[in-house]
Amino acid sequence: MYPITTGNLTTVESLFLTETLAGLQACPKFMHAKYFYDERGDYIFQQIMEMDEYYLTNAEMNIFSNQAEQIAELIKGDTPFDLIELGAGDATKSIHLLRVLGKHNLEFSYLPIDISAHVISDLEDNLPKELPELDIKGLNGDYLHMLQKGITLSNRRKVVLFMGANIGNMDQAEVQTFLGSVRKLLAKGDMLIIGFDLKKNPKQILAAYNDSKGITSAFNLNLLERINKELGGDFELENFEHYVSYDPESGACKSYLISLKDHIVHIGAVTIPFVKDEYIYMEISQKYSLEDIERLASRSGFQYEHNFFDVNRYFVDAVWTVS
Ligand SMILES: C[S@@+](CC[C@H](N)C(=O)[O-])C[C@H]1O[C@@H](n2cnc3c(N)ncnc32)[C@H](O)[C@@H]1O
């Protein structure tokens, strides 16, 4: 065990430390979902996306693999543009759109943003192998900081992609603030395409976040391991159990880690006591109705353009413009 001082850390690590300690010293305890994605977190999330129970990936893949031409038609306009993707991950869905945009010889640059440095370097290495003509510039960092930076890189109009129901990882207040900030950074005529997971049978939703093979559990527990590795923590993973709840009225699906006994964890020199059955709130995955989504667009200063649904109507990619 070594005492961590922020003097030894990079800005990113020091924010990770500060936010983690603030969350674990709060009552009730919580963590920030953005820290799930270290290299192992990225890897486990790939496995989640391949699970039968995790219908979200197939649903949005169904939209992008079958309707990329129609999406391209809506965004192509008459002038060159920057396509900025927030939380791009491995871009396995957006690549369908990139391919179609390239096929039509549209003049655009692709700016994927991701908090995971590993994701950005992979995209910059691998996408040009598949799409040699693609003009790509990756931006490593938080959504809004990097969007602000990305927007200043050219005077072209902007099309912002925010897929994978990543927006569901924000609670209602955060969503409103976030969309308001995105709106302020954009200009009239710019577009925003957001993937929302729709409200549906609660059992189907619960299974997606609490699979029988324990992959979603491993994804949550990995954040404790990351704290051990990067921040000098001594979490013992067997002292925690993954738990998921879904409220069909509010549409909130929440993940927790439950402490199985009274015990003490250290992060560097800081002591964090846990009592038996206490929870750490890990993540929200908010589900939406179409009415919720329309309300969100108009409250944040966007105009509805079109909804693209998958074949089962589990998921929607909503296209909004800045009016
Ligand atoms: C659930 S994955 C989805 C990836 C992709 N959009 C898709 O639909 O397949 C979330 C991605 O967003 C990134 N991410 C999460 N929080 C972020 C934040 N606050 N700023 C930037 N990227 C973030 C993660 O690193 C991860 O690659």
# chains A, B, ... in the order shown; residues from 1 in each chain; ligands from 1
$ residues_around --residues "range 20-34 of chain A" --least-positions-apart "3" --cutoff "6 Å" --atoms "only C-alpha atoms" --output "list of chain:residue names"
A:Phe16, A:Leu17, A:Ile280, A:Tyr281, A:Met282, A:Glu283
$ write_last_selection --atoms "N, CA and C atoms" --output "tab-separated table (two decimals), in the first residue's frame"
chain	number	residue	atom	x	y	z
A	16	PHE	N	-9.60	10.99	-11.87
A	16	PHE	CA	-10.13	9.65	-11.54
A	16	PHE	C	-10.08	9.46	-10.01
A	17	LEU	N	-8.92	9.83	-9.42
A	17	LEU	CA	-8.77	9.69	-7.97
A	17	LEU	C	-9.76	10.59	-7.23
A	280	ILE	N	-22.98	0.26	-3.54
A	280	ILE	CA	-22.35	1.33	-4.33
A	280	ILE	C	-23.21	1.44	-5.59
A	281	TYR	N	-23.75	2.61	-5.86
A	281	TYR	CA	-24.53	2.84	-7.07
A	281	TYR	C	-23.55	3.00	-8.23
A	282	MET	N	-23.63	2.09	-9.20
A	282	MET	CA	-22.61	2.05	-10.25
A	282	MET	C	-23.03	2.80	-11.52
A	283	GLU	N	-24.28	2.56	-11.97
A	283	GLU	CA	-24.62	3.08	-13.30
A	283	GLU	C	-26.12	3.09	-13.50
$ closest_atom_pairs --of "chain A" --to "ligand 1" --cutoff "10 Å" --atoms "only C-alpha atoms and all ligand atoms" --output "JSON lines"
{"residue": "A:His32", "atom": "CA", "partner": "ligand 1", "partner_atom_place_in_ligand_line": "16 (N)", "distance": 8.8}
{"residue": "A:Ala33", "atom": "CA", "partner": "ligand 1", "partner_atom_place_in_ligand_line": "16 (N)", "distance": 6.6}
{"residue": "A:Lys34", "atom": "CA", "partner": "ligand 1", "partner_atom_place_in_ligand_line": "16 (N)", "distance": 3.8}
{"residue": "A:Tyr35", "atom": "CA", "partner": "ligand 1", "partner_atom_place_in_ligand_line": "16 (N)", "distance": 7.2}
{"residue": "A:Phe36", "atom": "CA", "partner": "ligand 1", "partner_atom_place_in_ligand_line": "25 (O)", "distance": 7.5}
{"residue": "A:Tyr37", "atom": "CA", "partner": "ligand 1", "partner_atom_place_in_ligand_line": "25 (O)", "distance": 4.9}
{"residue": "A:Asp38", "atom": "CA", "partner": "ligand 1", "partner_atom_place_in_ligand_line": "25 (O)", "distance": 7.6}
{"residue": "A:Glu39", "atom": "CA", "partner": "ligand 1", "partner_atom_place_in_ligand_line": "25 (O)", "distance": 9.3}
{"residue": "A:Gly41", "atom": "CA", "partner": "ligand 1", "partner_atom_place_in_ligand_line": "25 (O)", "distance": 8.5}
{"residue": "A:Asp42", "atom": "CA", "partner": "ligand 1", "partner_atom_place_in_ligand_line": "27 (O)", "distance": 6.6}
{"residue": "A:Phe45", "atom": "CA", "partner": "ligand 1", "partner_atom_place_in_ligand_line": "2 (S)", "distance": 7.1}
{"residue": "A:Gln46", "atom": "CA", "partner": "ligand 1", "partner_atom_place_in_ligand_line": "2 (S)", "distance": 8.7}
{"residue": "A:Ile48", "atom": "CA", "partner": "ligand 1", "partner_atom_place_in_ligand_line": "1 (C)", "distance": 9.5}
{"residue": "A:Met49", "atom": "CA", "partner": "ligand 1", "partner_atom_place_in_ligand_line": "9 (O)", "distance": 7.9}
{"residue": "A:Leu56", "atom": "CA", "partner": "ligand 1", "partner_atom_place_in_ligand_line": "8 (O)", "distance": 8.8}
{"residue": "A:Thr57", "atom": "CA", "partner": "ligand 1", "partner_atom_place_in_ligand_line": "9 (O)", "distance": 6.8}
{"residue": "A:Glu60", "atom": "CA", "partner": "ligand 1", "partner_atom_place_in_ligand_line": "8 (O)", "distance": 7.7}
{"residue": "A:Met61", "atom": "CA", "partner": "ligand 1", "partner_atom_place_in_ligand_line": "8 (O)", "distance": 8.7}
{"residue": "A:Glu85", "atom": "CA", "partner": "ligand 1", "partner_atom_place_in_ligand_line": "6 (N)", "distance": 7.7}
{"residue": "A:Leu86", "atom": "CA", "partner": "ligand 1", "partner_atom_place_in_ligand_line": "22 (N)", "distance": 6.2}
{"residue": "A:Gly87", "atom": "CA", "partner": "ligand 1", "partner_atom_place_in_ligand_line": "12 (O)", "distance": 3.3}
{"residue": "A:Ala88", "atom": "CA", "partner": "ligand 1", "partner_atom_place_in_ligand_line": "6 (N)", "distance": 4.3}
{"residue": "A:Gly89", "atom": "CA", "partner": "ligand 1", "partner_atom_place_in_ligand_line": "27 (O)", "distance": 3.4}
{"residue": "A:Asp90", "atom": "CA", "partner": "ligand 1", "partner_atom_place_in_ligand_line": "9 (O)", "distance": 6.3}
{"residue": "A:Ala91", "atom": "CA", "partner": "ligand 1", "partner_atom_place_in_ligand_line": "5 (C)", "distance": 6.0}
{"residue": "A:Thr92", "atom": "CA", "partner": "ligand 1", "partner_atom_place_in_ligand_line": "9 (O)", "distance": 6.5}
{"residue": "A:Lys93", "atom": "CA", "partner": "ligand 1", "partner_atom_place_in_ligand_line": "9 (O)", "distance": 6.3}
{"residue": "A:Ser94", "atom": "CA", "partner": "ligand 1", "partner_atom_place_in_ligand_line": "8 (O)", "distance": 7.9}
{"residue": "A:Pro112", "atom": "CA", "partner": "ligand 1", "partner_atom_place_in_ligand_line": "22 (N)", "distance": 9.4}
{"residue": "A:Ile113", "atom": "CA", "partner": "ligand 1", "partner_atom_place_in_ligand_line": "21 (C)", "distance": 6.1}
{"residue": "A:Asp114", "atom": "CA", "partner": "ligand 1", "partner_atom_place_in_ligand_line": "22 (N)", "distance": 3.8}
{"residue": "A:Ile115", "atom": "CA", "partner": "ligand 1", "partner_atom_place_in_ligand_line": "22 (N)", "distance": 3.9}
{"residue": "A:Ser116", "atom": "CA", "partner": "ligand 1", "partner_atom_place_in_ligand_line": "25 (O)", "distance": 4.6}
{"residue": "A:Ala117", "atom": "CA", "partner": "ligand 1", "partner_atom_place_in_ligand_line": "25 (O)", "distance": 8.3}
{"residue": "A:His118", "atom": "CA", "partner": "ligand 1", "partner_atom_place_in_ligand_line": "25 (O)", "distance": 8.8}
{"residue": "A:Val119", "atom": "CA", "partner": "ligand 1", "partner_atom_place_in_ligand_line": "27 (O)", "distance": 6.4}
{"residue": "A:Ile120", "atom": "CA", "partner": "ligand 1", "partner_atom_place_in_ligand_line": "27 (O)", "distance": 8.7}
{"residue": "A:Leu139", "atom": "CA", "partner": "ligand 1", "partner_atom_place_in_ligand_line": "21 (C)", "distance": 9.1}
{"residue": "A:Asn140", "atom": "CA", "partner": "ligand 1", "partner_atom_place_in_ligand_line": "21 (C)", "distance": 7.5}
{"residue": "A:Gly141", "atom": "CA", "partner": "ligand 1", "partner_atom_place_in_ligand_line": "21 (C)", "distance": 5.6}
{"residue": "A:Asp142", "atom": "CA", "partner": "ligand 1", "partner_atom_place_in_ligand_line": "20 (N)", "distance": 3.5}
{"residue": "A:Tyr143", "atom": "CA", "partner": "ligand 1", "partner_atom_place_in_ligand_line": "20 (N)", "distance": 4.0}
{"residue": "A:Leu144", "atom": "CA", "partner": "ligand 1", "partner_atom_place_in_ligand_line": "20 (N)", "distance": 7.3}
{"residue": "A:His145", "atom": "CA", "partner": "ligand 1", "partner_atom_place_in_ligand_line": "20 (N)", "distance": 8.5}
{"residue": "A:Met146", "atom": "CA", "partner": "ligand 1", "partner_atom_place_in_ligand_line": "21 (C)", "distance": 8.0}
{"residue": "A:Leu147", "atom": "CA", "partner": "ligand 1", "partner_atom_place_in_ligand_line": "21 (C)", "distance": 9.5}
{"residue": "A:Leu161", "atom": "CA", "partner": "ligand 1", "partner_atom_place_in_ligand_line": "6 (N)", "distance": 8.5}
{"residue": "A:Phe162", "atom": "CA", "partner": "ligand 1", "partner_atom_place_in_ligand_line": "6 (N)", "distance": 6.5}
{"residue": "A:Met163", "atom": "CA", "partner": "ligand 1", "partner_atom_place_in_ligand_line": "8 (O)", "distance": 4.5}
{"residue": "A:Gly164", "atom": "CA", "partner": "ligand 1", "partner_atom_place_in_ligand_line": "8 (O)", "distance": 3.1}
{"residue": "A:Ala165", "atom": "CA", "partner": "ligand 1", "partner_atom_place_in_ligand_line": "8 (O)", "distance": 6.9}
{"residue": "A:Asn166", "atom": "CA", "partner": "ligand 1", "partner_atom_place_in_ligand_line": "1 (C)", "distance": 5.6}
{"residue": "A:Ile167", "atom": "CA", "partner": "ligand 1", "partner_atom_place_in_ligand_line": "16 (N)", "distance": 9.4}
{"residue": "A:Gly168", "atom": "CA", "partner": "ligand 1", "partner_atom_place_in_ligand_line": "1 (C)", "distance": 9.6}
{"residue": "A:Asn169", "atom": "CA", "partner": "ligand 1", "partner_atom_place_in_ligand_line": "16 (N)", "distance": 8.3}
{"residue": "A:Met170", "atom": "CA", "partner": "ligand 1", "partner_atom_place_in_ligand_line": "19 (N)", "distance": 9.8}
{"residue": "A:Ile194", "atom": "CA", "partner": "ligand 1", "partner_atom_place_in_ligand_line": "6 (N)", "distance": 10.0}
{"residue": "A:Gly195", "atom": "CA", "partner": "ligand 1", "partner_atom_place_in_ligand_line": "8 (O)", "distance": 8.0}
$ select_by_dssp --residues "range 27-212 of chain A" --states "strand (DSSP E)" --output "VMD selection string"
chain A and resid 29 to 30 81 to 86 108 to 114 135 to 136 139 to 140 157 to 162 191 to 197
$ atom_distance --atom1 "CA of Glu230 in chain A" --atom2 "CA of Leu15 in chain A"
12.0 Å
$ residues_around --residues "Leu231 in chain A" --least-positions-apart "5" --cutoff "9 Å" --atoms "only C-alpha atoms" --output "PyMOL selection string"
chain A and resi 4+13+16-17+226+267-268
$ write_last_selection --atoms "all heavy atoms" --output "tab-separated table (two decimals), in the first residue's frame"
chain	number	residue	atom	x	y	z
A	4	ILE	N	-1.21	7.80	-2.07
A	4	ILE	CA	-1.21	8.50	-3.35
A	4	ILE	C	-1.28	10.00	-3.10
A	4	ILE	O	-2.09	10.48	-2.33
A	4	ILE	CB	-2.41	8.04	-4.19
A	4	ILE	CG1	-2.09	6.67	-4.75
A	4	ILE	CG2	-2.76	9.02	-5.25
A	4	ILE	CD1	-2.44	6.45	-6.16
A	13	GLU	N	-5.54	10.86	-14.35
A	13	GLU	CA	-5.52	10.00	-13.17
A	13	GLU	C	-5.95	10.76	-11.92
A	13	GLU	O	-6.62	10.22	-11.05
A	13	GLU	CB	-4.11	9.43	-12.96
A	13	GLU	CG	-3.76	8.31	-13.94
A	13	GLU	CD	-2.26	8.02	-13.92
A	13	GLU	OE1	-1.47	8.92	-13.57
A	13	GLU	OE2	-1.90	6.89	-14.27
A	16	PHE	N	-9.60	10.99	-11.87
A	16	PHE	CA	-10.13	9.65	-11.54
A	16	PHE	C	-10.08	9.46	-10.01
A	16	PHE	O	-11.05	9.04	-9.39
A	16	PHE	CB	-9.29	8.60	-12.29
A	16	PHE	CG	-9.66	7.16	-12.03
A	16	PHE	CD1	-10.96	6.78	-11.69
A	16	PHE	CD2	-8.69	6.15	-12.17
A	16	PHE	CE1	-11.30	5.44	-11.48
A	16	PHE	CE2	-9.02	4.81	-11.95
A	16	PHE	CZ	-10.32	4.47	-11.60
A	17	LEU	N	-8.92	9.83	-9.42
A	17	LEU	CA	-8.77	9.69	-7.97
A	17	LEU	C	-9.76	10.59	-7.23
A	17	LEU	O	-10.49	10.13	-6.34
A	17	LEU	CB	-7.33	10.04	-7.55
A	17	LEU	CG	-7.06	10.01	-6.05
A	17	LEU	CD1	-7.22	8.60	-5.48
A	17	LEU	CD2	-5.65	10.53	-5.73
A	226	ARG	N	-9.75	-1.85	-11.33
A	226	ARG	CA	-9.05	-0.70	-11.92
A	226	ARG	C	-8.58	0.25	-10.81
A	226	ARG	O	-7.46	0.77	-10.86
A	226	ARG	CB	-10.00	0.03	-12.89
A	226	ARG	CG	-9.32	1.18	-13.55
A	226	ARG	CD	-10.16	1.90	-14.59
A	226	ARG	NE	-9.33	2.95	-15.16
A	226	ARG	CZ	-9.77	3.91	-15.96
A	226	ARG	NH1	-11.04	3.95	-16.31
A	226	ARG	NH2	-8.95	4.82	-16.42
A	267	ILE	N	-7.85	3.21	-0.17
A	267	ILE	CA	-7.38	3.72	-1.47
A	267	ILE	C	-6.24	4.65	-1.13
A	267	ILE	O	-6.45	5.74	-0.58
A	267	ILE	CB	-8.50	4.43	-2.24
A	267	ILE	CG1	-9.62	3.42	-2.56
A	267	ILE	CG2	-7.95	5.03	-3.54
A	267	ILE	CD1	-10.79	3.98	-3.30
A	268	GLY	N	-5.01	4.18	-1.40
A	268	GLY	CA	-3.86	4.92	-0.90
A	268	GLY	C	-3.99	5.01	0.62
A	268	GLY	O	-4.23	4.01	1.30
$ atom_distance --atom1 "CA of Leu123 in chain A" --atom2 "CA of Ile84 in chain A"
13.5 Å
$ residues_around --residues "Glu225 in chain A" --least-positions-apart "5" --cutoff "9 Å" --atoms "only C-alpha atoms" --output "short mmCIF file (atom, residue, chain, number, x, y, z; two decimals) with N, CA and C atoms, in the first residue's frame"
data_model
loop_
_atom_site.label_atom_id
_atom_site.label_comp_id
_atom_site.auth_asym_id
_atom_site.auth_seq_id
_atom_site.Cartn_x
_atom_site.Cartn_y
_atom_site.Cartn_z
N GLU A 230 -4.77 1.25 -10.44
CA GLU A 230 -4.34 2.61 -10.81
C GLU A 230 -4.29 3.58 -9.63
N GLY A 233 -5.69 0.90 -4.57
CA GLY A 233 -6.78 0.39 -3.72
C GLY A 233 -6.55 -1.05 -3.31
N ASP A 234 -7.32 -1.52 -2.30
CA ASP A 234 -7.21 -2.94 -1.92
C ASP A 234 -8.59 -3.58 -1.83
N PHE A 235 -9.48 -3.26 -2.79
CA PHE A 235 -10.79 -3.91 -2.85
C PHE A 235 -10.60 -5.42 -3.01
N GLU A 236 -11.34 -6.21 -2.23
CA GLU A 236 -11.39 -7.65 -2.47
C GLU A 236 -12.71 -7.91 -3.16
N LEU A 237 -12.63 -8.38 -4.42
CA LEU A 237 -13.83 -8.45 -5.26
C LEU A 237 -14.89 -9.40 -4.71
#
$ select_by_dssp --residues "range 135-248 of chain A" --states "alpha helix (DSSP H)" --output "number ranges by chain"
A: 143-151, 172-185, 202-209, 215-231
$ closest_atom_pairs --of "range 37-156 of chain A" --to "range 205-222 of chain A" --cutoff "6 Å" --atoms "only C-alpha atoms" --output "tab-separated table"
residue	atom	partner	partner_atom	distance
A:Ile44	CA	A:Phe219	CA	5.9
A:Glu53	CA	A:Ala208	CA	4.8
A:Tyr54	CA	A:Ala208	CA	4.5
$ write_last_selection --atoms "all heavy atoms" --output "tab-separated table (two decimals), in the first residue's frame"
chain	number	residue	atom	x	y	z
A	44	ILE	N	-14.26	-6.31	-21.89
A	44	ILE	CA	-15.48	-6.96	-21.34
A	44	ILE	C	-16.71	-6.37	-22.03
A	44	ILE	O	-17.67	-7.09	-22.31
A	44	ILE	CB	-15.59	-6.81	-19.80
A	44	ILE	CG1	-14.34	-7.34	-19.11
A	44	ILE	CG2	-16.80	-7.57	-19.28
A	44	ILE	CD1	-14.33	-7.14	-17.59
A	53	GLU	N	-28.43	-11.82	-24.62
A	53	GLU	CA	-29.34	-11.00	-23.80
A	53	GLU	C	-29.21	-9.51	-24.09
A	53	GLU	O	-30.15	-8.75	-23.89
A	53	GLU	CB	-29.06	-11.20	-22.30
A	53	GLU	CG	-29.34	-12.58	-21.77
A	53	GLU	CD	-28.07	-13.43	-21.68
A	53	GLU	OE1	-27.17	-13.28	-22.56
A	53	GLU	OE2	-27.97	-14.24	-20.75
A	54	TYR	N	-28.03	-9.07	-24.54
A	54	TYR	CA	-27.81	-7.64	-24.72
A	54	TYR	C	-28.34	-7.23	-26.11
A	54	TYR	O	-27.60	-7.05	-27.06
A	54	TYR	CB	-26.32	-7.30	-24.56
A	54	TYR	CG	-26.06	-5.83	-24.33
A	54	TYR	CD1	-26.33	-5.23	-23.10
A	54	TYR	CD2	-25.58	-5.02	-25.35
A	54	TYR	CE1	-26.12	-3.88	-22.89
A	54	TYR	CE2	-25.36	-3.66	-25.15
A	54	TYR	CZ	-25.64	-3.10	-23.91
A	54	TYR	OH	-25.43	-1.75	-23.71
$ residues_around --residues "Ile136 in chain A" --least-positions-apart "4" --cutoff "8 Å" --atoms "only C-alpha atoms" --output "PDB file with all heavy atoms, in the first residue's frame"
ATOM      1  N   SER A 109     -15.056  14.910 -42.620  1.00  0.00           N
ATOM      2  CA  SER A 109     -14.021  14.345 -41.737  1.00  0.00           C
ATOM      3  C   SER A 109     -14.732  13.620 -40.607  1.00  0.00           C
ATOM      4  O   SER A 109     -15.802  14.052 -40.176  1.00  0.00           O
ATOM      5  CB  SER A 109     -13.154  15.442 -41.128  1.00  0.00           C
ATOM      6  OG  SER A 109     -12.523  16.157 -42.147  1.00  0.00           O
ATOM      7  N   TYR A 110     -14.095  12.552 -40.136  1.00  0.00           N
ATOM      8  CA  TYR A 110     -14.676  11.777 -39.023  1.00  0.00           C
ATOM      9  C   TYR A 110     -13.842  12.042 -37.770  1.00  0.00           C
ATOM     10  O   TYR A 110     -12.629  11.805 -37.764  1.00  0.00           O
ATOM     11  CB  TYR A 110     -14.665  10.293 -39.391  1.00  0.00           C
ATOM     12  CG  TYR A 110     -15.139   9.364 -38.287  1.00  0.00           C
ATOM     13  CD1 TYR A 110     -16.382   9.537 -37.682  1.00  0.00           C
ATOM     14  CD2 TYR A 110     -14.343   8.288 -37.859  1.00  0.00           C
ATOM     15  CE1 TYR A 110     -16.825   8.678 -36.687  1.00  0.00           C
ATOM     16  CE2 TYR A 110     -14.782   7.420 -36.862  1.00  0.00           C
ATOM     17  CZ  TYR A 110     -16.020   7.627 -36.286  1.00  0.00           C
ATOM     18  OH  TYR A 110     -16.464   6.776 -35.293  1.00  0.00           O
ATOM     19  N   LEU A 111     -14.502  12.555 -36.718  1.00  0.00           N
ATOM     20  CA  LEU A 111     -13.805  12.864 -35.468  1.00  0.00           C
ATOM     21  C   LEU A 111     -14.392  12.025 -34.333  1.00  0.00           C
ATOM     22  O   LEU A 111     -15.366  12.445 -33.693  1.00  0.00           O
ATOM     23  CB  LEU A 111     -13.949  14.348 -35.114  1.00  0.00           C
ATOM     24  CG  LEU A 111     -13.636  15.391 -36.198  1.00  0.00           C
ATOM     25  CD1 LEU A 111     -13.875  16.808 -35.675  1.00  0.00           C
ATOM     26  CD2 LEU A 111     -12.180  15.283 -36.634  1.00  0.00           C
ATOM     27  N   PRO A 112     -13.863  10.801 -34.118  1.00  0.00           N
ATOM     28  CA  PRO A 112     -14.362  10.011 -32.985  1.00  0.00           C
ATOM     29  C   PRO A 112     -13.786  10.538 -31.672  1.00  0.00           C
ATOM     30  O   PRO A 112     -12.598  10.824 -31.581  1.00  0.00           O
ATOM     31  CB  PRO A 112     -13.843   8.592 -33.281  1.00  0.00           C
ATOM     32  CG  PRO A 112     -12.637   8.792 -34.130  1.00  0.00           C
ATOM     33  CD  PRO A 112     -12.791  10.098 -34.859  1.00  0.00           C
ATOM     34  N   GLU A 124      -7.843   4.839 -34.889  1.00  0.00           N
ATOM     35  CA  GLU A 124      -6.946   5.512 -35.836  1.00  0.00           C
ATOM     36  C   GLU A 124      -6.073   4.505 -36.594  1.00  0.00           C
ATOM     37  O   GLU A 124      -5.725   4.731 -37.743  1.00  0.00           O
ATOM     38  CB  GLU A 124      -6.077   6.539 -35.100  1.00  0.00           C
ATOM     39  CG  GLU A 124      -6.896   7.771 -34.725  1.00  0.00           C
ATOM     40  CD  GLU A 124      -6.069   8.907 -34.151  1.00  0.00           C
ATOM     41  OE1 GLU A 124      -5.057   8.626 -33.465  1.00  0.00           O
ATOM     42  OE2 GLU A 124      -6.434  10.054 -34.376  1.00  0.00           O
ATOM     43  N   PRO A 128      -8.641   3.216 -41.081  1.00  0.00           N
ATOM     44  CA  PRO A 128      -8.082   3.492 -42.412  1.00  0.00           C
ATOM     45  C   PRO A 128      -7.768   2.212 -43.202  1.00  0.00           C
ATOM     46  O   PRO A 128      -7.729   2.251 -44.435  1.00  0.00           O
ATOM     47  CB  PRO A 128      -6.803   4.273 -42.114  1.00  0.00           C
ATOM     48  CG  PRO A 128      -7.046   4.877 -40.770  1.00  0.00           C
ATOM     49  CD  PRO A 128      -7.859   3.861 -40.026  1.00  0.00           C
TER      50      PRO A 128
END
